[in-house]
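Enquirer: Here it is, the structure in full.
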Amino acid sequence: MRRCPGVGAAPGIGIGFTHFLGGRVEVQHRHLLPPEIEPELHRFGQALSRADGQIARVQEQIAAMEGDGQHYQILEAHRLMLTDVHLVEETRRIVREEKVGAEWAVRKALEQIQAVLSRIEDPYFRDRRSDIEMVGEYILRNLMGIEISGHEAVPPGAVVFAHDVSPTDIIHLARVGVAGFFTEGGGKTSHSAVLARAYGLPYVVGVHDCAQFVRSGLNVIVDGGRGEVIVDPDEAALADYRARTQRQAARSKRLAAAREEPAVTLDGERIHLAANVELIEEVPYAVECGAESVGLFRTEFLYLERPDLPTEEEHYTHAVAALRAVGTGHIVTFRTLDLGGDKLPASVRIPAGHNPALGLRSIRYSLWRKDLFKAQLRALYRAAAVAPLRILFPLISGVGELRAVKEICAEVCHELTVEGIRHNAFVPLGSMIETPSAASIADLLGAECEFLTIGTNDLIQYSLAADRQDEHVGYLYHPLHPAILRILRQVVLGAQRSGKPLAMCGDLAGEPLLTWVLLGLGLRDFSMSPRQIPIVKSIIRTTRLADAEKLVETVVNFRTEAEIEEVVHKVMRQRFPLELDEES
Ligand code: PEP
Ligand code: MG
């Protein structure tokens, strides 16, 4: 038995036998004579068009089944990589100048690109390495006449091991019915990881140094929650994991049983539970988990994953697809682009500044690139004519900024009217409360828009001056800091004064250990990762609000987050052993 640590990229436990999916193609160095160069370049050109045709065929299959959604766009991005100058022109240059075979030149060009990408700190760009590598393997296999896909040979129930898996692999293998994935390469934020999560398949990336001993047919456990792979597990480990899988399934089943039930406390207070989504593909799962609406649709995902900008038409198609997927009776809150900071799309250059988190990000970037902002707003107002929706603006820091945004909205509606384009101008507009300034003037912001939503991920980072991504200051990033409790209480009071509805959509909203604290502070509307909904709902349905309020009254007088956490965790674990049994 061998325990191999990695990084959990998609939660869940998969038990099965390994299936080794291809691998890096080994290329040989071939020296060319001058007359061989032109035919070699021609051969390379043919390999490119064959690779393009193969990806296009997969795209067609996907379009036939799912339309031109997320998966389709990812493949579109891969097809565009087949024309990337750093890959294609560089390969041609290497063939010509170094007089080497195309395979060798492709590998060298790929390595150069990988070297540049790996020097970039941003995880998004680091993770693009796997996309370019996949595209490179397609070209190499075509050059060498190697069968492209071994998917047909993958048996259901297998745990797929590969140097890396492409989004296409995930899509195909999810349909085959595999039990999970683990790879040497890959990243937590890669498209493949996103898709594995969307399909609910466990996935561990960065499992190094196992290629020497992993081969097809070995027993294996992949634990996407802990980020660990156990190769050739002994009986005790297998028994332990089988029991854990059963406990997890039983727990999910028990919690899911309340899917149709309303999230209502024992004293009759109705709580609204919505879902945060990034992919249209996640929407059916969100509904299945009992989401009453989509409280946060992070639309910037549409930008991050592609090499060009979406048009107004694409924004529109995307929004309408999301509305249709949710179905009637469930409202969708589309958050406008939250680009910049850590979310840097490949397609546009956003000046980083000295401190990106405090610089040109989010609504500031949208106000700076009014053209992009207007394209998205036009699309959303048009989509609102199809089904009701709400528009939410991120990182608002003051009333002046909110007014500037509303002016653009009015301008967009006026233009659509003049152009005679069908739209619905009566869309509720909301402001996110993500900065300390917004929190302290929640009443003023509430007075100038239709709803407020707290984004705790950013609100905590800005309030405690602790970068949410920096592991060195992670110890300071604490949701139960007394300051955060006071700030949240202030926001609740501000929203009440303005008479506008208030929701919370940051990660805190879906943290079951904190449900009582949030209820006790007066919050009644939460949007969270879909899989958290049944857990939080179960807590709510067995909660008496007075108990939650009493807990908050006790802990608000404590001076440190450690003291608050100790009491809150103790009370919650005692009261909700099933919901908080993370080990199960
Ligand atoms: C937040 O900041 O809490 C939030 C919901 O936005 P994001 O996590 O996308 O920054
Ligand atoms: Mg945010």
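Going through the structure tokens in order, the chains are called A, B, and so on, while each chain numbers its residues from 1 and the ligands are numbered from 1 in the order shown.
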As a quick test: using only C-alpha atoms and all ligand atoms, which residues lie no more than 7 Å away from ligand 1? Give them as a PDB file with all heavy atoms, in the first residue's frame.
Expert:
ATOM      1  N   ARG A 298     -21.624  33.915 -11.063  1.00  0.00           N
ATOM      2  CA  ARG A 298     -20.356  34.623 -11.283  1.00  0.00           C
ATOM      3  C   ARG A 298     -20.070  34.640 -12.783  1.00  0.00           C
ATOM      4  O   ARG A 298     -19.416  33.747 -13.308  1.00  0.00           O
ATOM      5  CB  ARG A 298     -19.227  33.914 -10.545  1.00  0.00           C
ATOM      6  CG  ARG A 298     -19.270  34.054  -9.028  1.00  0.00           C
ATOM      7  CD  ARG A 298     -18.154  33.229  -8.425  1.00  0.00           C
ATOM      8  NE  ARG A 298     -17.804  33.609  -7.076  1.00  0.00           N
ATOM      9  CZ  ARG A 298     -18.067  32.869  -6.007  1.00  0.00           C
ATOM     10  NH1 ARG A 298     -18.692  31.725  -6.125  1.00  0.00           N
ATOM     11  NH2 ARG A 298     -17.686  33.280  -4.811  1.00  0.00           N
ATOM     12  N   ASP A 338     -16.643  40.479 -12.571  1.00  0.00           N
ATOM     13  CA  ASP A 338     -15.811  40.755 -11.400  1.00  0.00           C
ATOM     14  C   ASP A 338     -14.375  40.400 -11.788  1.00  0.00           C
ATOM     15  O   ASP A 338     -13.800  39.452 -11.270  1.00  0.00           O
ATOM     16  CB  ASP A 338     -16.309  39.904 -10.224  1.00  0.00           C
ATOM     17  CG  ASP A 338     -15.639  40.292  -8.911  1.00  0.00           C
ATOM     18  OD1 ASP A 338     -15.050  41.375  -8.842  1.00  0.00           O
ATOM     19  OD2 ASP A 338     -15.714  39.499  -7.961  1.00  0.00           O
ATOM     20  N   GLU A 434     -18.991  44.394   0.012  1.00  0.00           N
ATOM     21  CA  GLU A 434     -17.719  43.654   0.056  1.00  0.00           C
ATOM     22  C   GLU A 434     -16.579  44.491   0.617  1.00  0.00           C
ATOM     23  O   GLU A 434     -15.468  43.999   0.755  1.00  0.00           O
ATOM     24  CB  GLU A 434     -17.330  43.204  -1.360  1.00  0.00           C
ATOM     25  CG  GLU A 434     -18.346  42.297  -2.013  1.00  0.00           C
ATOM     26  CD  GLU A 434     -17.811  41.667  -3.275  1.00  0.00           C
ATOM     27  OE1 GLU A 434     -17.810  42.348  -4.325  1.00  0.00           O
ATOM     28  OE2 GLU A 434     -17.391  40.512  -3.222  1.00  0.00           O
ATOM     29  N   ILE A 454     -24.184  40.427   0.783  1.00  0.00           N
ATOM     30  CA  ILE A 454     -22.842  40.505   1.408  1.00  0.00           C
ATOM     31  C   ILE A 454     -21.912  39.475   0.784  1.00  0.00           C
ATOM     32  O   ILE A 454     -22.211  38.275   0.785  1.00  0.00           O
ATOM     33  CB  ILE A 454     -22.913  40.232   2.924  1.00  0.00           C
ATOM     34  CG1 ILE A 454     -23.994  41.091   3.582  1.00  0.00           C
ATOM     35  CG2 ILE A 454     -21.565  40.478   3.576  1.00  0.00           C
ATOM     36  CD1 ILE A 454     -24.201  40.759   5.072  1.00  0.00           C
ATOM     37  N   GLY A 455     -20.794  39.942   0.267  1.00  0.00           N
ATOM     38  CA  GLY A 455     -19.757  39.040  -0.259  1.00  0.00           C
ATOM     39  C   GLY A 455     -18.692  38.921   0.817  1.00  0.00           C
ATOM     40  O   GLY A 455     -17.788  39.746   0.910  1.00  0.00           O
ATOM     41  N   THR A 456     -18.819  37.898   1.658  1.00  0.00           N
ATOM     42  CA  THR A 456     -17.930  37.828   2.821  1.00  0.00           C
ATOM     43  C   THR A 456     -16.477  37.526   2.464  1.00  0.00           C
ATOM     44  O   THR A 456     -15.575  37.873   3.220  1.00  0.00           O
ATOM     45  CB  THR A 456     -18.415  36.746   3.802  1.00  0.00           C
ATOM     46  OG1 THR A 456     -18.612  35.535   3.068  1.00  0.00           O
ATOM     47  CG2 THR A 456     -19.697  37.154   4.478  1.00  0.00           C
ATOM     48  N   ASN A 457     -16.268  36.861   1.315  1.00  0.00           N
ATOM     49  CA  ASN A 457     -14.875  36.530   0.978  1.00  0.00           C
ATOM     50  C   ASN A 457     -14.041  37.806   0.883  1.00  0.00           C
ATOM     51  O   ASN A 457     -12.942  37.896   1.421  1.00  0.00           O
ATOM     52  CB  ASN A 457     -14.804  35.778  -0.364  1.00  0.00           C
ATOM     53  CG  ASN A 457     -15.645  34.525  -0.348  1.00  0.00           C
ATOM     54  OD1 ASN A 457     -15.956  34.012   0.709  1.00  0.00           O
ATOM     55  ND2 ASN A 457     -16.031  34.034  -1.521  1.00  0.00           N
ATOM     56  N   ASP A 458     -14.592  38.773   0.180  1.00  0.00           N
ATOM     57  CA  ASP A 458     -13.873  40.044   0.064  1.00  0.00           C
ATOM     58  C   ASP A 458     -14.050  40.904   1.302  1.00  0.00           C
ATOM     59  O   ASP A 458     -13.101  41.558   1.740  1.00  0.00           O
ATOM     60  CB  ASP A 458     -14.354  40.809  -1.178  1.00  0.00           C
ATOM     61  CG  ASP A 458     -13.642  40.312  -2.422  1.00  0.00           C
ATOM     62  OD1 ASP A 458     -12.419  40.086  -2.349  1.00  0.00           O
ATOM     63  OD2 ASP A 458     -14.297  40.131  -3.465  1.00  0.00           O
ATOM     64  N   LEU A 459     -15.249  40.909   1.867  1.00  0.00           N
ATOM     65  CA  LEU A 459     -15.474  41.779   3.037  1.00  0.00           C
ATOM     66  C   LEU A 459     -14.484  41.435   4.157  1.00  0.00           C
ATOM     67  O   LEU A 459     -13.937  42.319   4.802  1.00  0.00           O
ATOM     68  CB  LEU A 459     -16.928  41.640   3.527  1.00  0.00           C
ATOM     69  CG  LEU A 459     -17.302  42.561   4.687  1.00  0.00           C
ATOM     70  CD1 LEU A 459     -17.112  44.039   4.333  1.00  0.00           C
ATOM     71  CD2 LEU A 459     -18.749  42.330   5.129  1.00  0.00           C
ATOM     72  N   CYS A 505     -23.780  35.956   0.157  1.00  0.00           N
ATOM     73  CA  CYS A 505     -23.395  34.955  -0.839  1.00  0.00           C
ATOM     74  C   CYS A 505     -21.923  34.568  -0.759  1.00  0.00           C
ATOM     75  O   CYS A 505     -21.440  33.821  -1.577  1.00  0.00           O
ATOM     76  CB  CYS A 505     -23.732  35.436  -2.246  1.00  0.00           C
ATOM     77  SG  CYS A 505     -22.729  36.834  -2.743  1.00  0.00           S
ATOM     78  N   GLY A 506     -21.194  35.092   0.215  1.00  0.00           N
ATOM     79  CA  GLY A 506     -19.794  34.672   0.342  1.00  0.00           C
ATOM     80  C   GLY A 506     -19.738  33.250   0.881  1.00  0.00           C
ATOM     81  O   GLY A 506     -20.777  32.669   1.237  1.00  0.00           O
ATOM     82  N   ASP A 507     -18.534  32.677   0.966  1.00  0.00           N
ATOM     83  CA  ASP A 507     -18.393  31.286   1.428  1.00  0.00           C
ATOM     84  C   ASP A 507     -18.978  31.057   2.822  1.00  0.00           C
ATOM     85  O   ASP A 507     -19.425  29.953   3.139  1.00  0.00           O
ATOM     86  CB  ASP A 507     -16.915  30.870   1.431  1.00  0.00           C
ATOM     87  CG  ASP A 507     -16.407  30.608   0.023  1.00  0.00           C
ATOM     88  OD1 ASP A 507     -17.224  30.703  -0.917  1.00  0.00           O
ATOM     89  OD2 ASP A 507     -15.207  30.330  -0.128  1.00  0.00           O
TER      90      ASP A 507
END
Enquirer: Pick out the residues sitting within 7 Å of Asp443 of chain A, and hand them over as a VMD selection string; count only C-alpha atoms, and ignore anything fewer than 6 positions along from it in its own chain.
Expert: chain A and resid 494 to 495 497 to 498
Enquirer: Within 8 Å of segment 262-264 of chain A, counting only C-alpha atoms, which residues qualify if same-chain residues fewer than 3 places away don't, as a list in words?
Expert: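 Contacts, in chain order: Ala258, Arg259, Asp267, Gly268, Glu269, Arg270, Ile271, His272, Leu273, Lys537, Ser538, Ile540 and Arg541 of chain A.
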Enquirer: Go ahead and write the residues just picked, all heavy atoms, as a compact mmCIF listing (two decimals), in the first residue's frame.
Expert:
# COMPACT_ATOMS: atom_id res chain seq x y z
N ALA A 258 -34.82 16.15 2.68
CA ALA A 258 -35.57 17.37 2.96
C ALA A 258 -35.57 18.34 1.77
O ALA A 258 -35.94 19.49 1.90
CB ALA A 258 -34.99 18.06 4.19
N ARG A 259 -35.16 17.83 0.61
CA ARG A 259 -35.03 18.65 -0.58
C ARG A 259 -36.27 19.48 -0.89
O ARG A 259 -36.21 20.66 -1.18
CB ARG A 259 -34.71 17.72 -1.75
CG ARG A 259 -34.33 18.39 -3.01
CD ARG A 259 -34.19 17.33 -4.08
NE ARG A 259 -35.36 17.32 -4.92
CZ ARG A 259 -35.48 18.04 -6.03
NH1 ARG A 259 -34.48 18.78 -6.42
NH2 ARG A 259 -36.58 18.01 -6.74
N ASP A 267 -39.33 27.69 14.94
CA ASP A 267 -40.29 28.72 15.31
C ASP A 267 -40.93 29.40 14.10
O ASP A 267 -41.49 30.49 14.21
CB ASP A 267 -39.69 29.75 16.28
CG ASP A 267 -38.19 29.93 16.09
OD1 ASP A 267 -37.67 29.52 15.03
OD2 ASP A 267 -37.57 30.47 17.00
N GLY A 268 -40.82 28.75 12.95
CA GLY A 268 -41.60 29.19 11.79
C GLY A 268 -40.98 30.29 10.94
O GLY A 268 -41.63 30.84 10.06
N GLU A 269 -39.70 30.60 11.15
CA GLU A 269 -39.07 31.65 10.34
C GLU A 269 -38.57 31.05 9.02
O GLU A 269 -37.82 30.08 9.01
CB GLU A 269 -37.90 32.26 11.12
CG GLU A 269 -37.21 33.39 10.43
CD GLU A 269 -37.90 34.74 10.62
OE1 GLU A 269 -38.81 34.84 11.47
OE2 GLU A 269 -37.55 35.67 9.88
N ARG A 270 -39.00 31.61 7.93
CA ARG A 270 -38.64 31.09 6.61
C ARG A 270 -37.28 31.65 6.19
O ARG A 270 -37.06 32.86 6.21
CB ARG A 270 -39.72 31.54 5.61
CG ARG A 270 -39.56 31.01 4.22
CD ARG A 270 -39.98 29.54 4.18
NE ARG A 270 -40.06 29.08 2.79
CZ ARG A 270 -39.02 28.73 2.05
NH1 ARG A 270 -37.80 28.76 2.54
NH2 ARG A 270 -39.22 28.34 0.80
N ILE A 271 -36.38 30.77 5.82
CA ILE A 271 -35.03 31.18 5.38
C ILE A 271 -34.91 30.85 3.90
O ILE A 271 -35.34 29.77 3.47
CB ILE A 271 -33.93 30.42 6.18
CG1 ILE A 271 -34.20 30.47 7.69
CG2 ILE A 271 -32.54 30.95 5.84
CD1 ILE A 271 -34.15 31.82 8.34
N HIS A 272 -34.33 31.76 3.14
CA HIS A 272 -34.18 31.52 1.70
C HIS A 272 -32.80 30.94 1.43
O HIS A 272 -31.79 31.49 1.84
CB HIS A 272 -34.36 32.84 0.95
CG HIS A 272 -34.33 32.69 -0.54
ND1 HIS A 272 -35.47 32.39 -1.26
CD2 HIS A 272 -33.33 32.75 -1.43
CE1 HIS A 272 -35.16 32.29 -2.54
NE2 HIS A 272 -33.86 32.50 -2.68
N LEU A 273 -32.78 29.80 0.72
CA LEU A 273 -31.49 29.17 0.39
C LEU A 273 -31.29 29.13 -1.13
O LEU A 273 -32.07 28.49 -1.84
CB LEU A 273 -31.41 27.76 0.97
CG LEU A 273 -31.46 27.64 2.49
CD1 LEU A 273 -31.28 26.20 2.92
CD2 LEU A 273 -30.40 28.53 3.15
N LYS A 537 -29.68 23.49 5.27
CA LYS A 537 -31.14 23.40 5.44
C LYS A 537 -31.49 22.50 6.64
O LYS A 537 -32.37 22.81 7.45
CB LYS A 537 -31.79 22.85 4.17
CG LYS A 537 -33.31 22.95 4.23
CD LYS A 537 -33.98 22.11 3.20
CE LYS A 537 -34.14 22.84 1.90
NZ LYS A 537 -35.00 22.10 0.96
N SER A 538 -30.76 21.40 6.74
CA SER A 538 -31.03 20.48 7.83
C SER A 538 -30.82 21.16 9.19
O SER A 538 -31.59 20.97 10.12
CB SER A 538 -30.12 19.26 7.66
OG SER A 538 -30.25 18.42 8.74
N ILE A 540 -31.08 24.42 9.77
CA ILE A 540 -32.14 25.42 9.93
C ILE A 540 -33.43 24.77 10.43
O ILE A 540 -34.11 25.28 11.32
CB ILE A 540 -32.38 26.15 8.59
CG1 ILE A 540 -31.20 27.08 8.31
CG2 ILE A 540 -33.69 26.93 8.60
CD1 ILE A 540 -31.18 27.67 6.92
N ARG A 541 -33.75 23.61 9.85
CA ARG A 541 -35.04 22.98 10.16
C ARG A 541 -35.11 22.43 11.59
O ARG A 541 -36.18 22.06 12.05
CB ARG A 541 -35.34 21.87 9.13
CG ARG A 541 -35.72 22.47 7.76
CD ARG A 541 -35.92 21.40 6.71
NE ARG A 541 -36.89 20.40 7.09
CZ ARG A 541 -38.21 20.56 7.06
NH1 ARG A 541 -38.71 21.70 6.64
NH2 ARG A 541 -39.01 19.59 7.42
Enquirer: What is the atom CA of Tyr316 of chain A-atom CA of Ala379 of chain A distance in Å, reported with one decimal?
Expert: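 Separating atom CA of Tyr316 of chain A from atom CA of Ala379 of chain A is a distance of 4.5 Å.
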Enquirer: Could you please write out, as a ChimeraX atom specification, every residue of segment 179-375 of chain A that DSSP assigns to strand (DSSP E)?
Expert: /A:180-183,203-205,219-223,228-231,272-277,294-298,332-335
Enquirer: Now that the selection is made, can you save its residues with N, CA and C atoms as a compact mmCIF listing (two decimals), in the first residue's frame?
Expert:
# COMPACT_ATOMS: atom_id res chain seq x y z
N GLY A 180 -13.35 8.31 -10.77
CA GLY A 180 -12.56 9.47 -10.35
C GLY A 180 -11.29 9.59 -11.17
N PHE A 181 -10.49 10.59 -10.82
CA PHE A 181 -9.27 10.86 -11.57
C PHE A 181 -8.14 11.23 -10.62
N PHE A 182 -6.92 10.92 -11.01
CA PHE A 182 -5.77 11.56 -10.37
C PHE A 182 -4.68 11.74 -11.41
N THR A 183 -3.99 12.87 -11.29
CA THR A 183 -3.00 13.22 -12.30
C THR A 183 -1.73 13.75 -11.65
N TYR A 203 -11.31 14.19 -7.83
CA TYR A 203 -10.15 14.45 -8.67
C TYR A 203 -9.02 14.98 -7.79
N VAL A 204 -7.87 14.33 -7.87
CA VAL A 204 -6.70 14.81 -7.13
C VAL A 204 -5.62 15.15 -8.15
N VAL A 205 -5.08 16.35 -8.05
CA VAL A 205 -4.02 16.77 -8.98
C VAL A 205 -2.69 16.80 -8.24
N ASN A 219 -5.59 -1.70 -7.63
CA ASN A 219 -6.65 -1.14 -6.78
C ASN A 219 -6.21 0.24 -6.32
N VAL A 220 -7.17 1.13 -6.22
CA VAL A 220 -6.80 2.48 -5.82
C VAL A 220 -7.98 3.19 -5.17
N ILE A 221 -7.64 4.10 -4.24
CA ILE A 221 -8.67 4.95 -3.64
C ILE A 221 -8.26 6.39 -3.95
N VAL A 222 -9.18 7.16 -4.50
CA VAL A 222 -8.88 8.57 -4.73
C VAL A 222 -9.79 9.39 -3.83
N ASP A 223 -9.16 10.20 -2.97
CA ASP A 223 -9.91 10.98 -2.00
C ASP A 223 -9.76 12.46 -2.35
N GLU A 228 -5.70 13.01 -1.54
CA GLU A 228 -4.80 11.87 -1.33
C GLU A 228 -5.22 10.71 -2.21
N VAL A 229 -4.20 9.95 -2.66
CA VAL A 229 -4.48 8.75 -3.44
C VAL A 229 -3.81 7.58 -2.73
N ILE A 230 -4.53 6.50 -2.54
CA ILE A 230 -3.93 5.32 -1.90
C ILE A 230 -3.87 4.22 -2.95
N VAL A 231 -2.64 3.90 -3.36
CA VAL A 231 -2.46 2.89 -4.38
C VAL A 231 -2.26 1.54 -3.69
N HIS A 272 -34.33 31.76 3.14
CA HIS A 272 -34.18 31.52 1.70
C HIS A 272 -32.80 30.94 1.43
N LEU A 273 -32.78 29.80 0.72
CA LEU A 273 -31.49 29.17 0.39
C LEU A 273 -31.29 29.13 -1.13
N ALA A 274 -30.27 29.81 -1.58
CA ALA A 274 -30.01 29.90 -3.02
C ALA A 274 -28.64 29.30 -3.32
N ALA A 275 -28.32 29.19 -4.62
CA ALA A 275 -27.04 28.59 -5.02
C ALA A 275 -26.13 29.62 -5.67
N ASN A 276 -24.83 29.44 -5.42
CA ASN A 276 -23.81 30.18 -6.18
C ASN A 276 -23.39 29.28 -7.32
N VAL A 277 -23.40 29.77 -8.54
CA VAL A 277 -22.93 28.93 -9.66
C VAL A 277 -22.00 29.70 -10.58
N VAL A 294 -30.87 31.16 -7.96
CA VAL A 294 -29.42 31.32 -8.07
C VAL A 294 -29.12 32.70 -7.50
N GLY A 295 -28.50 32.72 -6.34
CA GLY A 295 -28.27 33.99 -5.65
C GLY A 295 -27.04 34.70 -6.15
N LEU A 296 -26.15 33.96 -6.82
CA LEU A 296 -24.93 34.57 -7.35
C LEU A 296 -24.49 33.78 -8.57
N PHE A 297 -24.59 34.39 -9.73
CA PHE A 297 -24.04 33.78 -10.95
C PHE A 297 -22.78 34.57 -11.27
N ARG A 298 -21.62 33.92 -11.06
CA ARG A 298 -20.36 34.62 -11.28
C ARG A 298 -20.07 34.64 -12.78
N VAL A 332 -32.75 34.28 -11.13
CA VAL A 332 -31.28 34.22 -11.20
C VAL A 332 -30.73 35.63 -10.99
N THR A 333 -29.74 35.73 -10.09
CA THR A 333 -29.08 37.01 -9.87
C THR A 333 -27.73 36.96 -10.60
N PHE A 334 -27.63 37.72 -11.66
CA PHE A 334 -26.38 37.74 -12.43
C PHE A 334 -25.49 38.83 -11.85
N ARG A 335 -24.32 38.43 -11.43
CA ARG A 335 -23.37 39.46 -10.99
C ARG A 335 -22.57 39.90 -12.21
Enquirer: Please extract the residues of segment 288-375 of chain A with a backbone DSSP assignment of helix (DSSP H, G or I) and present them as number ranges by chain.
Expert: A: 288, 301-304, 312-326, 356-358, 363-368, 370-375
Enquirer: So that I can check the surroundings of Ala548 of chain A, please list as number ranges by chain every protein, DNA and RNA residue that reaches within 8 Å of it, counting only C-alpha atoms and ignoring chain neighbours fewer than 6 positions away.
Expert: A: 516-517, 519-520
Enquirer: Go through A:Ser293, A:Gln114, A:Thr83, A:Thr435 and flag the residue nearest ligand 2, using only C-alpha atoms and all ligand atoms for the distances.
Expert: A:Thr435
Enquirer: For a test of reading the model, state the distance in Å between atom CA of Glu288 of chain A and atom CA of His315 of chain A, rounded to one decimal.
Expert: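 About the pair atom CA of Glu288 of chain A and atom CA of His315 of chain A: they are 25.2 Å apart.
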